[in-house]
$ cat work26.pdb   # PDB, C-alpha atoms (C1' of nucleotides)
ATOM      1  CA  MET Q   1       0.000   0.000   0.000
ATOM      2  CA  PRO Q   2       1.776   3.116  -1.268
ATOM      3  CA  ARG Q   3       1.213   5.596   1.573
ATOM      4  CA  LEU Q   4      -1.470   7.761  -0.018
ATOM      5  CA  LYS Q   5      -1.316  11.540   0.196
ATOM      6  CA  VAL Q   6      -4.287  12.900   2.103
ATOM      7  CA  ASN Q   7      -6.666  14.566  -0.315
ATOM      8  CA  ILE Q   8      -9.314  16.959   0.917
ATOM      9  CA  ASP Q   9     -11.845  16.028  -1.770
ATOM     10  CA  ARG Q  10     -11.557  12.357  -0.948
ATOM     11  CA  VAL Q  11     -11.664  13.006   2.777
ATOM     12  CA  PHE Q  12     -14.910  14.967   2.682
ATOM     13  CA  HIS Q  13     -16.418  12.583   0.173
ATOM     14  CA  ALA Q  14     -15.564   9.674   2.452
ATOM     15  CA  LEU Q  15     -17.055  11.398   5.493
ATOM     16  CA  GLY Q  16     -20.198  12.165   3.528
ATOM     17  CA  ASP Q  17     -21.472   8.620   3.932
ATOM     18  CA  PRO Q  18     -23.016   7.711   7.305
ATOM     19  CA  THR Q  19     -21.767   4.119   7.208
ATOM     20  CA  ARG Q  20     -18.213   5.294   6.683
ATOM     21  CA  ARG Q  21     -18.569   7.782   9.522
ATOM     22  CA  ALA Q  22     -19.784   4.935  11.713
ATOM     23  CA  ILE Q  23     -16.636   3.014  10.769
ATOM     24  CA  VAL Q  24     -14.469   5.996  11.654
ATOM     25  CA  GLU Q  25     -16.309   6.308  14.963
ATOM     26  CA  ARG Q  26     -15.669   2.671  15.814
ATOM     27  CA  LEU Q  27     -12.027   2.844  14.812
ATOM     28  CA  SER Q  28     -11.419   5.979  16.827
ATOM     29  CA  GLU Q  29     -12.063   3.775  19.864
ATOM     30  CA  GLY Q  30      -9.504   1.243  18.730
ATOM     31  CA  ALA Q  31      -8.184  -0.860  15.852
ATOM     32  CA  MET Q  32     -10.373  -3.653  14.574
ATOM     33  CA  SER Q  33     -10.644  -6.326  11.874
ATOM     34  CA  ALA Q  34     -12.870  -5.875   8.827
ATOM     35  CA  SER Q  35     -15.266  -8.665   9.785
ATOM     36  CA  ARG Q  36     -15.637  -7.344  13.302
ATOM     37  CA  LEU Q  37     -16.385  -3.899  11.881
ATOM     38  CA  ALA Q  38     -19.133  -5.479   9.797
ATOM     39  CA  VAL Q  39     -21.059  -7.031  12.697
ATOM     40  CA  PRO Q  40     -23.187  -4.089  13.851
ATOM     41  CA  LEU Q  41     -23.428  -2.522  10.414
ATOM     42  CA  ASP Q  42     -26.097  -4.738   8.878
ATOM     43  CA  ILE Q  43     -24.344  -4.943   5.531
ATOM     44  CA  THR Q  44     -22.175  -7.678   4.039
ATOM     45  CA  VAL Q  45     -18.434  -7.897   4.640
ATOM     46  CA  ALA Q  46     -17.945  -7.232   0.941
ATOM     47  CA  ALA Q  47     -19.659  -3.866   1.339
ATOM     48  CA  VAL Q  48     -17.516  -3.062   4.363
ATOM     49  CA  VAL Q  49     -14.383  -3.850   2.359
ATOM     50  CA  GLN Q  50     -15.558  -1.427  -0.328
ATOM     51  CA  HIS Q  51     -16.025   1.303   2.274
ATOM     52  CA  LEU Q  52     -12.609   0.510   3.701
ATOM     53  CA  GLN Q  53     -11.029   0.985   0.284
ATOM     54  CA  ILE Q  54     -12.579   4.427   0.012
ATOM     55  CA  LEU Q  55     -11.536   5.317   3.543
ATOM     56  CA  GLU Q  56      -8.025   4.116   2.884
ATOM     57  CA  LYS Q  57      -7.684   6.041  -0.382
ATOM     58  CA  SER Q  58      -8.876   9.164   1.393
ATOM     59  CA  GLY Q  59      -6.189   8.788   4.025
ATOM     60  CA  LEU Q  60      -8.630   8.543   6.922
ATOM     61  CA  VAL Q  61      -7.872   4.904   7.666
ATOM     62  CA  ARG Q  62      -4.866   2.675   7.354
ATOM     63  CA  THR Q  63      -5.070  -1.099   7.177
ATOM     64  CA  THR Q  64      -2.528  -3.884   7.467
ATOM     65  CA  LYS Q  65      -3.050  -7.536   6.745
ATOM     66  CA  VAL Q  66      -1.485 -10.154   8.966
ATOM     67  CA  GLY Q  67      -2.298 -13.739   8.144
ATOM     68  CA  ARG Q  68      -5.891 -13.714   6.980
ATOM     69  CA  VAL Q  69      -7.057 -10.785   9.069
ATOM     70  CA  ARG Q  70      -6.940  -7.179   7.946
ATOM     71  CA  THR Q  71      -6.625  -4.817  10.858
ATOM     72  CA  CYS Q  72      -7.986  -1.293  10.395
ATOM     73  CA  ARG Q  73      -6.948   1.798  12.303
ATOM     74  CA  ILE Q  74      -7.545   5.517  12.197
ATOM     75  CA  GLU Q  75      -4.994   7.643  10.390
ATOM     76  CA  PRO Q  76      -5.338  10.886  12.339
ATOM     77  CA  ALA Q  77      -3.801  13.020   9.582
ATOM     78  CA  GLY Q  78      -6.959  12.497   7.533
ATOM     79  CA  LEU Q  79      -9.254  13.895  10.187
ATOM     80  CA  SER Q  80      -6.829  16.777  10.737
ATOM     81  CA  VAL Q  81      -7.141  17.850   7.127
ATOM     82  CA  ALA Q  82     -10.910  18.076   7.429
ATOM     83  CA  GLU Q  83     -10.719  19.822  10.777
ATOM     84  CA  ARG Q  84      -8.270  22.355   9.425
ATOM     85  CA  TRP Q  85     -10.453  23.149   6.414
ATOM     86  CA  ILE Q  86     -13.402  23.828   8.675
ATOM     87  CA  GLY Q  87     -11.306  25.869  11.061
ATOM     88  CA  GLU Q  88     -10.045  28.029   8.224
ATOM     89  CA  ARG Q  89     -13.598  28.817   7.077
ATOM     90  CA  ARG Q  90     -14.610  29.634  10.614
ATOM     91  CA  SER Q  91     -11.712  31.989  11.146
ATOM     92  CA  MET Q  92     -12.369  33.685   7.801
ATOM     93  CA  TRP Q  93     -15.928  34.201   8.846
ATOM     94  CA  GLU Q  94     -14.937  35.500  12.281
ATOM     95  CA  ARG Q  95     -12.308  37.872  10.931
ATOM     96  CA  ARG Q  96     -14.848  39.359   8.565
ATOM     97  CA  PHE Q  97     -17.287  39.728  11.373
ATOM     98  CA  ASP Q  98     -14.737  41.796  13.253
ATOM     99  CA  ARG Q  99     -14.108  44.167  10.335
ATOM    100  CA  LEU Q 100     -17.655  45.410  10.071
ATOM    101  CA  GLY Q 101     -18.910  46.295  13.504
ATOM    102  CA  ASP Q 102     -21.633  43.729  14.359
ATOM    103  CA  LEU Q 103     -24.321  45.925  12.831
ATOM    104  CA  LEU Q 104     -24.798  46.436   9.124
ATOM    105  CA  GLU Q 105     -24.817  42.846   7.889
ATOM    106  CA  GLU Q 106     -27.142  41.275  10.463
ATOM    107  CA  PRO Q 107     -30.623  42.723   9.984
ATOM    108  CA  ASP Q 108     -33.418  40.709  11.612
ATOM    109  CA  GLU Q 109     -31.618  38.165  13.751
ATOM    110  CA  GLY Q 110     -34.243  37.113  16.080
TER     111      GLY Q 110
ATOM    112  CA  MET G   1     -38.005  29.143   6.135
ATOM    113  CA  PRO G   2     -38.516  27.403   9.464
ATOM    114  CA  ARG G   3     -35.091  27.714  11.100
ATOM    115  CA  LEU G   4     -33.814  24.161  10.493
ATOM    116  CA  LYS G   5     -32.109  22.164  13.230
ATOM    117  CA  VAL G   6     -28.524  21.368  12.310
ATOM    118  CA  ASN G   7     -28.242  17.709  11.422
ATOM    119  CA  ILE G   8     -24.876  15.982  11.324
ATOM    120  CA  ASP G   9     -25.828  13.618   8.514
ATOM    121  CA  ARG G  10     -26.972  16.470   6.317
ATOM    122  CA  VAL G  11     -23.944  18.585   7.196
ATOM    123  CA  PHE G  12     -21.407  15.958   6.187
ATOM    124  CA  HIS G  13     -23.416  14.996   3.150
ATOM    125  CA  ALA G  14     -23.492  18.642   2.087
ATOM    126  CA  LEU G  15     -19.748  19.056   2.604
ATOM    127  CA  GLY G  16     -19.116  15.899   0.595
ATOM    128  CA  ASP G  17     -19.640  17.737  -2.682
ATOM    129  CA  PRO G  18     -16.756  19.920  -3.926
ATOM    130  CA  THR G  19     -19.042  22.526  -5.496
ATOM    131  CA  ARG G  20     -20.877  22.991  -2.218
ATOM    132  CA  ARG G  21     -17.581  23.290  -0.377
ATOM    133  CA  ALA G  22     -16.565  25.956  -2.888
ATOM    134  CA  ILE G  23     -19.788  27.804  -2.077
ATOM    135  CA  VAL G  24     -19.057  27.581   1.638
ATOM    136  CA  GLU G  25     -15.539  28.868   0.996
ATOM    137  CA  ARG G  26     -16.847  31.876  -0.900
ATOM    138  CA  LEU G  27     -19.477  32.645   1.694
ATOM    139  CA  SER G  28     -17.012  32.425   4.539
ATOM    140  CA  GLU G  29     -15.431  35.518   3.001
ATOM    141  CA  GLY G  30     -18.724  37.351   2.966
ATOM    142  CA  ALA G  31     -22.417  37.200   2.090
ATOM    143  CA  MET G  32     -23.356  37.053  -1.563
ATOM    144  CA  SER G  33     -26.292  36.674  -3.960
ATOM    145  CA  ALA G  34     -27.057  33.380  -5.691
ATOM    146  CA  SER G  35     -26.265  34.649  -9.171
ATOM    147  CA  ARG G  36     -22.967  36.107  -8.044
ATOM    148  CA  LEU G  37     -22.095  32.788  -6.440
ATOM    149  CA  ALA G  38     -22.751  31.116  -9.779
ATOM    150  CA  VAL G  39     -20.289  33.191 -11.809
ATOM    151  CA  PRO G  40     -17.033  31.339 -11.179
ATOM    152  CA  LEU G  41     -18.681  27.953 -10.752
ATOM    153  CA  ASP G  42     -19.250  27.080 -14.401
ATOM    154  CA  ILE G  43     -22.696  25.668 -13.760
ATOM    155  CA  THR G  44     -26.127  27.206 -14.284
ATOM    156  CA  VAL G  45     -27.857  29.327 -11.667
ATOM    157  CA  ALA G  46     -30.488  26.605 -11.402
ATOM    158  CA  ALA G  47     -27.813  24.151 -10.278
ATOM    159  CA  VAL G  48     -26.502  26.671  -7.752
ATOM    160  CA  VAL G  49     -29.988  27.086  -6.341
ATOM    161  CA  GLN G  50     -30.226  23.323  -5.911
ATOM    162  CA  HIS G  51     -26.949  23.288  -4.010
ATOM    163  CA  LEU G  52     -28.134  26.192  -1.894
ATOM    164  CA  GLN G  53     -31.251  24.256  -0.934
ATOM    165  CA  ILE G  54     -29.124  21.365   0.284
ATOM    166  CA  LEU G  55     -26.775  23.701   2.138
ATOM    167  CA  GLU G  56     -29.684  25.469   3.746
ATOM    168  CA  LYS G  57     -31.399  22.262   4.840
ATOM    169  CA  SER G  58     -28.127  21.097   6.363
ATOM    170  CA  GLY G  59     -27.871  24.273   8.413
ATOM    171  CA  LEU G  60     -24.551  25.345   6.898
ATOM    172  CA  VAL G  61     -25.993  28.322   5.065
ATOM    173  CA  ARG G  62     -28.800  30.731   5.690
ATOM    174  CA  THR G  63     -30.449  32.780   2.959
ATOM    175  CA  THR G  64     -32.832  35.710   2.937
ATOM    176  CA  LYS G  65     -34.649  37.144  -0.009
ATOM    177  CA  VAL G  66     -35.037  40.893  -0.360
ATOM    178  CA  GLY G  67     -36.743  42.100  -3.490
ATOM    179  CA  ARG G  68     -35.623  39.757  -6.230
ATOM    180  CA  VAL G  69     -32.214  38.946  -4.780
ATOM    181  CA  ARG G  70     -31.512  36.089  -2.396
ATOM    182  CA  THR G  71     -28.559  36.791  -0.176
ATOM    183  CA  CYS G  72     -26.630  33.818   1.155
ATOM    184  CA  ARG G  73     -24.505  33.728   4.266
ATOM    185  CA  ILE G  74     -22.660  31.187   6.359
ATOM    186  CA  GLU G  75     -24.440  29.796   9.401
ATOM    187  CA  PRO G  76     -21.464  29.061  11.624
ATOM    188  CA  ALA G  77     -23.374  26.585  13.794
ATOM    189  CA  GLY G  78     -23.343  24.149  10.885
ATOM    190  CA  LEU G  79     -19.582  24.130  10.568
ATOM    191  CA  SER G  80     -19.286  23.849  14.336
ATOM    192  CA  VAL G  81     -21.247  20.611  14.326
ATOM    193  CA  ALA G  82     -18.852  19.067  11.833
ATOM    194  CA  GLU G  83     -15.810  20.404  13.636
ATOM    195  CA  ARG G  84     -17.042  19.030  16.939
ATOM    196  CA  TRP G  85     -17.655  15.574  15.485
ATOM    197  CA  ILE G  86     -14.126  15.444  14.150
ATOM    198  CA  GLY G  87     -12.705  16.775  17.384
ATOM    199  CA  GLU G  88     -14.500  14.096  19.346
ATOM    200  CA  ARG G  89     -13.036  11.315  17.181
ATOM    201  CA  ARG G  90      -9.590  12.826  17.494
ATOM    202  CA  SER G  91      -9.778  13.043  21.265
ATOM    203  CA  MET G  92     -11.077   9.466  21.474
ATOM    204  CA  TRP G  93      -8.157   8.351  19.418
ATOM    205  CA  GLU G  94      -5.677  10.378  21.466
ATOM    206  CA  ARG G  95      -7.036   9.173  24.789
ATOM    207  CA  ARG G  96      -6.675   5.603  23.649
ATOM    208  CA  PHE G  97      -3.183   6.296  22.487
ATOM    209  CA  ASP G  98      -2.308   7.468  25.988
ATOM    210  CA  ARG G  99      -3.655   4.309  27.619
ATOM    211  CA  LEU G 100      -1.282   1.992  25.816
ATOM    212  CA  GLY G 101       2.180   3.408  26.008
ATOM    213  CA  ASP G 102       3.225   4.493  22.484
ATOM    214  CA  LEU G 103       4.743   1.107  21.746
ATOM    215  CA  LEU G 104       2.715  -2.002  21.114
ATOM    216  CA  GLU G 105       0.339  -0.720  18.433
ATOM    217  CA  GLU G 106       2.797   1.068  16.137
ATOM    218  CA  PRO G 107       5.107  -1.533  14.601
ATOM    219  CA  ASP G 108       6.902  -0.374  11.419
ATOM    220  CA  GLU G 109       6.089   3.318  11.175
ATOM    221  CA  GLY G 110       8.815   4.444   8.841
TER     222      GLY G 110
ATOM    223  C1'  DA L   1     -45.784  49.325 -20.737
ATOM    224  C1'  DT L   2     -41.547  46.773 -22.033
ATOM    225  C1'  DA L   3     -37.540  44.873 -21.169
ATOM    226  C1'  DA L   4     -34.006  43.179 -18.347
ATOM    227  C1'  DT L   5     -32.622  40.959 -14.146
ATOM    228  C1'  DA L   6     -32.851  37.435 -10.338
ATOM    229  C1'  DG L   7     -34.515  33.527  -9.038
ATOM    230  C1'  DT L   8     -37.694  29.279  -8.987
ATOM    231  C1'  DT L   9     -39.542  24.891 -10.503
ATOM    232  C1'  DA L  10     -40.175  20.615 -12.986
ATOM    233  C1'  DA L  11     -38.708  17.147 -16.104
ATOM    234  C1'  DG L  12     -35.297  14.489 -17.959
ATOM    235  C1'  DC L  13     -30.659  12.377 -18.246
ATOM    236  C1'  DA L  14     -26.025  10.383 -17.581
ATOM    237  C1'  DT L  15     -23.175   9.054 -13.937
ATOM    238  C1'  DT L  16     -22.079   7.628  -9.511
ATOM    239  C1'  DT L  17     -23.187   5.280  -5.348
ATOM    240  C1'  DA L  18     -24.032   1.705  -2.039
ATOM    241  C1'  DC L  19     -25.298  -2.275  -2.002
ATOM    242  C1'  DT L  20     -25.954  -7.567  -3.233
ATOM    243  C1'  DT L  21     -24.701 -12.272  -4.803
ATOM    244  C1'  DG L  22     -21.619 -15.732  -5.981
ATOM    245  C1'  DA L  23     -17.285 -17.542  -7.030
ATOM    246  C1'  DC L  24     -12.770 -17.352  -5.524
ATOM    247  C1'  DT L  25      -8.045 -17.365  -2.589
ATOM    248  C1'  DA L  26      -5.448 -17.694   1.570
ATOM    249  C1'  DT L  27      -4.940 -18.834   6.215
ATOM    250  C1'  DT L  28      -5.929 -21.288  10.524
ATOM    251  C1'  DA L  29      -8.225 -25.063  13.131
ATOM    252  C1'  DT L  30      -9.602 -30.081  13.632
TER     253       DT L  30
ATOM    254  C1'  DA I   1      -6.773 -33.783   4.445
ATOM    255  C1'  DT I   2     -11.101 -31.270   5.506
ATOM    256  C1'  DA I   3     -13.439 -27.775   7.148
ATOM    257  C1'  DA I   4     -14.082 -23.327   8.846
ATOM    258  C1'  DT I   5     -12.742 -18.579   8.887
ATOM    259  C1'  DA I   6     -11.334 -13.991   6.835
ATOM    260  C1'  DG I   7     -11.178 -11.548   3.142
ATOM    261  C1'  DT I   8     -11.210 -10.411  -2.101
ATOM    262  C1'  DC I   9     -13.069  -9.621  -6.680
ATOM    263  C1'  DA I  10     -16.374  -9.040 -10.458
ATOM    264  C1'  DA I  11     -21.005  -8.375 -12.095
ATOM    265  C1'  DG I  12     -25.153  -6.609 -11.674
ATOM    266  C1'  DT I  13     -28.823  -3.420  -9.825
ATOM    267  C1'  DA I  14     -31.820   0.061  -7.816
ATOM    268  C1'  DA I  15     -31.588   4.453  -6.089
ATOM    269  C1'  DA I  16     -29.391   8.839  -5.508
ATOM    270  C1'  DT I  17     -26.760  12.646  -7.411
ATOM    271  C1'  DG I  18     -25.431  16.675 -10.130
ATOM    272  C1'  DC I  19     -26.441  18.585 -13.853
ATOM    273  C1'  DT I  20     -29.178  20.586 -17.967
ATOM    274  C1'  DT I  21     -33.030  22.865 -20.452
ATOM    275  C1'  DA I  22     -37.195  25.276 -20.660
ATOM    276  C1'  DA I  23     -41.043  27.514 -18.901
ATOM    277  C1'  DC I  24     -42.330  30.331 -15.280
ATOM    278  C1'  DT I  25     -42.861  34.332 -11.480
ATOM    279  C1'  DA I  26     -41.468  38.503  -9.316
ATOM    280  C1'  DT I  27     -38.917  42.570  -9.067
ATOM    281  C1'  DT I  28     -36.402  46.562 -10.904
ATOM    282  C1'  DA I  29     -34.968  49.640 -14.747
ATOM    283  C1'  DT I  30     -36.075  52.369 -19.119
TER     284       DT I  30
END

$ encode --input "work26.pdb" --output "structure tokens"
Amino acid sequence: MPRLKVNIDRVFHALGDPTRRAIVERLSEGAMSASRLAVPLDITVAAVVQHLQILEKSGLVRTTKVGRVRTCRIEPAGLSVAERWIGERRSMWERRFDRLGDLLEEPDEG
Amino acid sequence: MPRLKVNIDRVFHALGDPTRRAIVERLSEGAMSASRLAVPLDITVAAVVQHLQILEKSGLVRTTKVGRVRTCRIEPAGLSVAERWIGERRSMWERRFDRLGDLLEEPDEG
DNA sequence: ATAATAGTTAAGCATTTACTTGACTATTAT
DNA sequence: ATAATAGTCAAGTAAATGCTTAACTATTAT
């Protein structure tokens, strides 16, 4: 597996699916095999593997296969990229809000 | 428009599309009309309106119509929801990483 | 009043998505 | 050796997605 560069488009696309977010949630509590991930998800292992491929290509998850079991873990750099993007938008928005003094651009906020 | 509750599924789904993220990026620099948003996007205004509907339902964007122009602005609560979700996963992951002492779970990190 | 501007809505369309099934390989257990 | 386990791969499919065009309404400008 050739250590994929984290790509913001892929990251947000990956997080856009609720099943993949559920996988990320599980993995953030600890590494886990693919089949164990599948248990509470109510989809086939094949489907889970497909999600894992997307998560891995996005850089959110890293997997390693030992024997016949593929162990999946969070790759925190992926989440950081998303968090940073959001943070940048927020700070843009806040900076702008400072420039004009609270008034003119917020008419009927009630 | 009945002041929609911010929903995490809708927020991440909305951010999953690159065009919608581009819209959020623009709006984080300041409020703007729908047709002005459309200019650099290389899609029709109709398509922009469709994206705006999704963004608005997700709680990421708020719009108000005055006369014939609909002004769009960031609703920072939406971004906060996404940021918080990511932050929670990160802190889960970090906490776990503290519990086991740096070693056992990181074999050949080169 | 006419025309131009700004946006809305519905229908249709090509592509992508998230899944399934079924056949397959590789590893571990008996 | 046989069976069970863990995962992989390829087709196929129904539904969702992102877009377009075209017809429409409402507001503003001439």

$ residues_around --input "work26.pdb" --residues "DA15 of chain I" --least-positions-apart "4" --cutoff "12 Å" --atoms "only C-alpha atoms (C1' of nucleotides)" --output "PyMOL selection string"
chain L and resi 16-19

$ closest_residue --input "work26.pdb" --among "G:Gly78, G:Gly59, G:Gly67, G:Pro18" --to "chain I" --atoms "all atoms listed in the file"
G:Gly67

$ resolve_selection --input "work26.pdb" --expression "the PyMOL selection byres ((chain G) within 10 of (chain I))" --output "compact mmCIF listing (two decimals) with C-alpha atoms, keeping the file's coordinate frame"
# COMPACT_ATOMS: atom_id res chain seq x y z
CA ASP G 17 -19.64 17.74 -2.68
CA THR G 19 -19.04 22.53 -5.50
CA ILE G 43 -22.70 25.67 -13.76
CA THR G 44 -26.13 27.21 -14.28
CA ALA G 46 -30.49 26.60 -11.40
CA ALA G 47 -27.81 24.15 -10.28
CA GLN G 50 -30.23 23.32 -5.91
CA HIS G 51 -26.95 23.29 -4.01
CA VAL G 66 -35.04 40.89 -0.36
CA GLY G 67 -36.74 42.10 -3.49
CA ARG G 68 -35.62 39.76 -6.23
CA VAL G 69 -32.21 38.95 -4.78

$ calpha_fit_and_write --input "work26.pdb" --fixed "chain Q" --moving "chain G" --output "short mmCIF file (atom, residue, chain, number, x, y, z; two decimals) with C-alpha atoms, in the frame of the given file"
data_model
loop_
_atom_site.label_atom_id
_atom_site.label_comp_id
_atom_site.auth_asym_id
_atom_site.auth_seq_id
_atom_site.Cartn_x
_atom_site.Cartn_y
_atom_site.Cartn_z
CA MET G 1 -0.13 -0.07 -0.12
CA PRO G 2 1.82 2.99 -1.20
CA ARG G 3 1.23 5.41 1.68
CA LEU G 4 -1.40 7.65 0.04
CA LYS G 5 -1.22 11.44 0.27
CA VAL G 6 -4.20 12.84 2.13
CA ASN G 7 -6.53 14.52 -0.32
CA ILE G 8 -9.19 16.94 0.86
CA ASP G 9 -11.67 16.01 -1.85
CA ARG G 10 -11.42 12.33 -1.01
CA VAL G 11 -11.58 13.01 2.73
CA PHE G 12 -14.81 14.98 2.57
CA HIS G 13 -16.29 12.60 0.04
CA ALA G 14 -15.48 9.70 2.35
CA LEU G 15 -17.01 11.44 5.37
CA GLY G 16 -20.13 12.21 3.35
CA ASP G 17 -21.42 8.67 3.78
CA PRO G 18 -23.00 7.79 7.15
CA THR G 19 -21.77 4.19 7.11
CA ARG G 20 -18.20 5.35 6.59
CA ARG G 21 -18.57 7.86 9.40
CA ALA G 22 -19.82 5.02 11.60
CA ILE G 23 -16.68 3.08 10.71
CA VAL G 24 -14.51 6.06 11.60
CA GLU G 25 -16.37 6.39 14.90
CA ARG G 26 -15.75 2.76 15.77
CA LEU G 27 -12.11 2.92 14.81
CA SER G 28 -11.52 6.06 16.81
CA GLU G 29 -12.20 3.88 19.85
CA GLY G 30 -9.63 1.34 18.77
CA ALA G 31 -8.28 -0.78 15.92
CA MET G 32 -10.45 -3.58 14.63
CA SER G 33 -10.71 -6.27 11.94
CA ALA G 34 -12.92 -5.84 8.88
CA SER G 35 -15.32 -8.60 9.82
CA ARG G 36 -15.73 -7.26 13.33
CA LEU G 37 -16.45 -3.83 11.88
CA ALA G 38 -19.19 -5.40 9.79
CA VAL G 39 -21.14 -6.93 12.67
CA PRO G 40 -23.27 -3.99 13.80
CA LEU G 41 -23.47 -2.42 10.35
CA ASP G 42 -26.15 -4.64 8.82
CA ILE G 43 -24.37 -4.87 5.50
CA THR G 44 -22.20 -7.63 4.05
CA VAL G 45 -18.47 -7.86 4.66
CA ALA G 46 -17.97 -7.22 0.95
CA ALA G 47 -19.67 -3.84 1.32
CA VAL G 48 -17.52 -3.04 4.35
CA VAL G 49 -14.40 -3.84 2.36
CA GLN G 50 -15.54 -1.44 -0.34
CA HIS G 51 -16.00 1.30 2.23
CA LEU G 52 -12.61 0.51 3.70
CA GLN G 53 -11.00 0.95 0.29
CA ILE G 54 -12.52 4.41 -0.02
CA LEU G 55 -11.50 5.32 3.52
CA GLU G 56 -7.99 4.10 2.91
CA LYS G 57 -7.60 5.98 -0.36
CA SER G 58 -8.81 9.13 1.37
CA GLY G 59 -6.14 8.77 4.04
CA LEU G 60 -8.62 8.55 6.92
CA VAL G 61 -7.89 4.92 7.69
CA ARG G 62 -4.88 2.70 7.45
CA THR G 63 -5.07 -1.08 7.30
CA THR G 64 -2.53 -3.86 7.63
CA LYS G 65 -3.05 -7.50 6.90
CA VAL G 66 -1.51 -10.12 9.17
CA GLY G 67 -2.31 -13.71 8.34
CA ARG G 68 -5.89 -13.70 7.13
CA VAL G 69 -7.07 -10.75 9.19
CA ARG G 70 -6.94 -7.14 8.06
CA THR G 71 -6.69 -4.75 10.96
CA CYS G 72 -8.04 -1.25 10.47
CA ARG G 73 -7.02 1.84 12.36
CA ILE G 74 -7.60 5.57 12.21
CA GLU G 75 -5.01 7.68 10.43
CA PRO G 76 -5.37 10.92 12.35
CA ALA G 77 -3.79 13.02 9.60
CA GLY G 78 -6.92 12.49 7.52
CA LEU G 79 -9.24 13.93 10.13
CA SER G 80 -6.81 16.79 10.69
CA VAL G 81 -7.09 17.83 7.06
CA ALA G 82 -10.86 18.09 7.34
CA GLU G 83 -10.69 19.86 10.67
CA ARG G 84 -8.20 22.38 9.33
CA TRP G 85 -10.36 23.16 6.30
CA ILE G 86 -13.33 23.87 8.52
CA GLY G 87 -11.23 25.90 10.91
CA GLU G 88 -9.95 28.03 8.07
CA ARG G 89 -13.49 28.84 6.88
CA ARG G 90 -14.53 29.66 10.41
CA SER G 91 -11.63 32.02 10.97
CA MET G 92 -12.26 33.70 7.61
CA TRP G 93 -15.82 34.23 8.62
CA GLU G 94 -14.87 35.51 12.07
CA ARG G 95 -12.23 37.89 10.75
CA ARG G 96 -14.75 39.38 8.38
CA PHE G 97 -17.23 39.70 11.17
CA ASP G 98 -14.70 41.77 13.10
CA ARG G 99 -14.11 44.16 10.20
CA LEU G 100 -17.69 45.33 10.02
CA GLY G 101 -18.88 46.14 13.48
CA ASP G 102 -21.54 43.56 14.47
CA LEU G 103 -24.33 45.72 13.10
CA LEU G 104 -24.96 46.23 9.43
CA GLU G 105 -25.04 42.62 8.24
CA GLU G 106 -27.30 41.08 10.89
CA PRO G 107 -30.78 42.57 10.52
CA ASP G 108 -33.57 40.51 12.13
CA GLU G 109 -31.75 37.81 14.07
CA GLY G 110 -34.46 36.75 16.45
#

$ axis_aligned_box --input "work26.pdb" --around "segment 2-21 of chain I" --padding-each-side "4 Å" --output "lines of an AutoDock Vina configuration file"
center_x = -22.1
center_y = -4.2
center_z = -5.8
size_x = 29.9
size_y = 62.1
size_z = 37.3

$ atom_distance --input "work26.pdb" --atom1 "atom CA of Ser35 of chain G" --atom2 "atom CA of Val48 of chain G"
8.1 Å

$ interface_residues --input "work26.pdb" --of "chain L" --to "chain Q" --cutoff "12 Å" --atoms "only C-alpha atoms (C1' of nucleotides)" --output "list in words"
DT17, DA18, DC19, DT20, DT21, DG22, DT25, DA26, DT27 and DT28 of chain L

$ interface_residues --input "work26.pdb" --of "chain G" --to "chain Q" --cutoff "9 Å" --atoms "only C-alpha atoms" --output "PyMOL selection string"
chain G and resi 9-18+24-25+27-31+74+76+79-80+82-84+86-87+89-97+105

$ atom_distance --input "work26.pdb" --atom1 "atom CA of Gln53 of chain Q" --atom2 "atom CA of Cys72 of chain Q"
10.8 Å

$ atom_distance --input "work26.pdb" --atom1 "atom C1' of DA10 of chain L" --atom2 "atom CA of Val45 of chain G"
15.1 Å

$ decode --input "work26.pdb" --residues "segment 20-45 of chain G" --atoms "C-alpha atoms" --output "PDB file, in the first residue's frame"
ATOM      1  CA  ARG G  20     -20.877  22.991  -2.218  1.00  0.00           C
ATOM      2  CA  ARG G  21     -17.581  23.290  -0.377  1.00  0.00           C
ATOM      3  CA  ALA G  22     -16.565  25.956  -2.888  1.00  0.00           C
ATOM      4  CA  ILE G  23     -19.788  27.804  -2.077  1.00  0.00           C
ATOM      5  CA  VAL G  24     -19.057  27.581   1.638  1.00  0.00           C
ATOM      6  CA  GLU G  25     -15.539  28.868   0.996  1.00  0.00           C
ATOM      7  CA  ARG G  26     -16.847  31.876  -0.900  1.00  0.00           C
ATOM      8  CA  LEU G  27     -19.477  32.645   1.694  1.00  0.00           C
ATOM      9  CA  SER G  28     -17.012  32.425   4.539  1.00  0.00           C
ATOM     10  CA  GLU G  29     -15.431  35.518   3.001  1.00  0.00           C
ATOM     11  CA  GLY G  30     -18.724  37.351   2.966  1.00  0.00           C
ATOM     12  CA  ALA G  31     -22.417  37.200   2.090  1.00  0.00           C
ATOM     13  CA  MET G  32     -23.356  37.053  -1.563  1.00  0.00           C
ATOM     14  CA  SER G  33     -26.292  36.674  -3.960  1.00  0.00           C
ATOM     15  CA  ALA G  34     -27.057  33.380  -5.691  1.00  0.00           C
ATOM     16  CA  SER G  35     -26.265  34.649  -9.171  1.00  0.00           C
ATOM     17  CA  ARG G  36     -22.967  36.107  -8.044  1.00  0.00           C
ATOM     18  CA  LEU G  37     -22.095  32.788  -6.440  1.00  0.00           C
ATOM     19  CA  ALA G  38     -22.751  31.116  -9.779  1.00  0.00           C
ATOM     20  CA  VAL G  39     -20.289  33.191 -11.809  1.00  0.00           C
ATOM     21  CA  PRO G  40     -17.033  31.339 -11.179  1.00  0.00           C
ATOM     22  CA  LEU G  41     -18.681  27.953 -10.752  1.00  0.00           C
ATOM     23  CA  ASP G  42     -19.250  27.080 -14.401  1.00  0.00           C
ATOM     24  CA  ILE G  43     -22.696  25.668 -13.760  1.00  0.00           C
ATOM     25  CA  THR G  44     -26.127  27.206 -14.284  1.00  0.00           C
ATOM     26  CA  VAL G  45     -27.857  29.327 -11.667  1.00  0.00           C
TER      27      VAL G  45
END
